[in-house]
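Asker: Take this structure first; my questions come after.
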Amino acid sequence: MKRCPSCEGTYASVEETCPVCGYQPRRINGIAAYAPDLALDADGFKPEYFEQLARLEAGNFWFKGRNRLILWAMRTFCHRQQSFLEVGCGTGFVLSAVVEQNPETDAMGSELFVDGLKIAAERVPSASFIQMDAREIPYVAEFDVVGAFDVIEHIEEDEIVLAQLHQALRKGGKLLLTVPQHKLLWSQADVYACHKRRYSAKELHHKVRAAGFEIERTTSFVTTLLPAMVVSRLMGKKSSAEDFDETKELELPSWMNAVFYAMLRFELALIRLGIGLPVGGTRMLVARKP
Ligand SMILES: [Zn+2]
């Protein structure tokens, strides 16, 4: 069901107009915009970052490794899903892989910034897209699976977002999350990316449960690369936010990129065996709406 952002009434998802109050989302570049006032705002993400990101992510070990982890979690914990919503789909790099693995699933990508959506819509033509604020998702009990991959750390009101993700899911639906982990790793990279926080496992688990979820699987990821991350971030601490070059972390010599990718694939092999990695730059969590 859709939830009207104007009168809070609920109505059938196929309807474009709210039958109670007549509300209709504005369209930006042909995409329904539920939070048009924020579509070009930059508090939380730098819109120009999307073009840079789209260029870098396809070959980068971290994005490729995270995709493998997400696709594995989906195959393992989400059976026969008919609908999938990705919140904060950025340039559609994850969504395109999800659609490739699950061609039968109705996939929807959402994003606050229209710049990302434009790239995503070209990349994943079979998916549908909406512009929205994750703090006010215009759906209720609609999706079998909802994913937010490195998204909620950008938002001050992360607990509201988790409650909204819960509301958007059907009963028994699954939540897939990835977040940056360990406050000790906080650096200019987080400042540049407009992160509000890095999570501890305890904080994330507490907030996810408080939103009404049951946690099914939780693990760290990017464990083997922690020493490299610590060195890179200690060096980065010397520079200020202005001259921080975040592409340095993504643009590696190709041999190093290949080695790092092999290490992430090794970590995924451990996770598949049921091993929960205790520390790592990222935390991945699967939860269920009871
Ligand atoms: Zn309405």
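Just so we're on the same page: first chain in the structure tokens is A, next is B, and so on; residues restart at 1 for each chain, and ligands are numbered from 1 in the order they show up.
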Name all residues at most 10 Å from Arg66 in chain A (count only C-alpha atoms; drop same-chain ones fewer than 2 positions away) and give them as a VMD selection string.
Answerer: chain A and resid 61 to 64 68 to 72 94 149 178 221 to 222 261 264 to 265 268 282 284
Asker: Give me the chain A side of the contact with ligand 1, cut-off 7 Å, one line per residue showing its nearest atom pair and distance in Å at one decimal, counting only C-alpha atoms and all ligand atoms, sorted by chain and residue number, as a tab-separated table.
Answerer:
```
residue	atom	partner	partner_atom_place_in_ligand_line	distance
A:Cys4	CA	ligand 1	1 (Zn)	4.6
A:Pro5	CA	ligand 1	1 (Zn)	6.7
A:Ser6	CA	ligand 1	1 (Zn)	5.0
A:Cys7	CA	ligand 1	1 (Zn)	4.1
A:Glu8	CA	ligand 1	1 (Zn)	6.0
A:Gly9	CA	ligand 1	1 (Zn)	5.4
A:Cys18	CA	ligand 1	1 (Zn)	4.6
A:Pro19	CA	ligand 1	1 (Zn)	6.7
A:Val20	CA	ligand 1	1 (Zn)	5.0
A:Cys21	CA	ligand 1	1 (Zn)	4.1
A:Gly22	CA	ligand 1	1 (Zn)	5.9
A:Tyr23	CA	ligand 1	1 (Zn)	5.1
```
Asker: Keeping only C-alpha atoms, write the selected residues to a file as a PDB file, in the first residue's frame.
Answerer:
```
ATOM      1  CA  CYS A   4       0.042   9.620   1.436  1.00  0.00           C
ATOM      2  CA  PRO A   5       2.705  12.063   2.687  1.00  0.00           C
ATOM      3  CA  SER A   6       0.079  14.796   2.771  1.00  0.00           C
ATOM      4  CA  CYS A   7      -2.868  13.272   4.678  1.00  0.00           C
ATOM      5  CA  GLU A   8      -1.228  10.021   5.923  1.00  0.00           C
ATOM      6  CA  GLY A   9      -4.059   8.024   4.315  1.00  0.00           C
ATOM      7  CA  CYS A  18      -4.350   9.885  -3.145  1.00  0.00           C
ATOM      8  CA  PRO A  19      -8.102   9.176  -3.206  1.00  0.00           C
ATOM      9  CA  VAL A  20      -8.568  10.912   0.166  1.00  0.00           C
ATOM     10  CA  CYS A  21      -6.930  14.303  -0.392  1.00  0.00           C
ATOM     11  CA  GLY A  22      -6.010  14.302  -4.080  1.00  0.00           C
ATOM     12  CA  TYR A  23      -2.264  14.516  -3.383  1.00  0.00           C
TER      13      TYR A  23
END
```
Asker: Please identify all polymer residues within 8 Å of Asn60 in chain A, counting only C-alpha atoms, omitting same-chain residues fewer than 3 positions from it, and present them as a PyMOL selection string.
Answerer: chain A and resi 56-57+63-64+250-251+257
Asker: Excluding range 124-135 of chain A and its own-chain neighbours fewer than 3 positions away, which residues fall within 8 Å of it when counting only C-alpha atoms? Please give them as JSON, numbers by chain.
Answerer: {"A": [31, 32, 33, 34, 35, 36, 38, 39, 87, 88, 92, 95, 96, 99, 106, 107, 108, 109, 110, 111, 112, 113, 114, 117, 120, 121, 138, 157, 160, 161, 164]}
Asker: Lys171 in chain A: which residues within 10 Å, counting only C-alpha atoms, same-chain residues fewer than 5 positions away excluded, as a count of residues only?
Answerer: 8
Asker: Identify which of the residues A:Arg233, A:Leu176, A:Pro253, A:Asp158 lies closest to Lys207 in chain A, counting only C-alpha atoms when measuring atom-to-atom distances.
Answerer: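 Residue with the minimum atom-to-atom distance to Lys207 in chain A: A:Asp158.
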Asker: CA of Trp186 in chain A to CA of Glu153 in chain A: how many Å, to one decimal?
Answerer: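 These atoms are spaced 12.0 Å apart.
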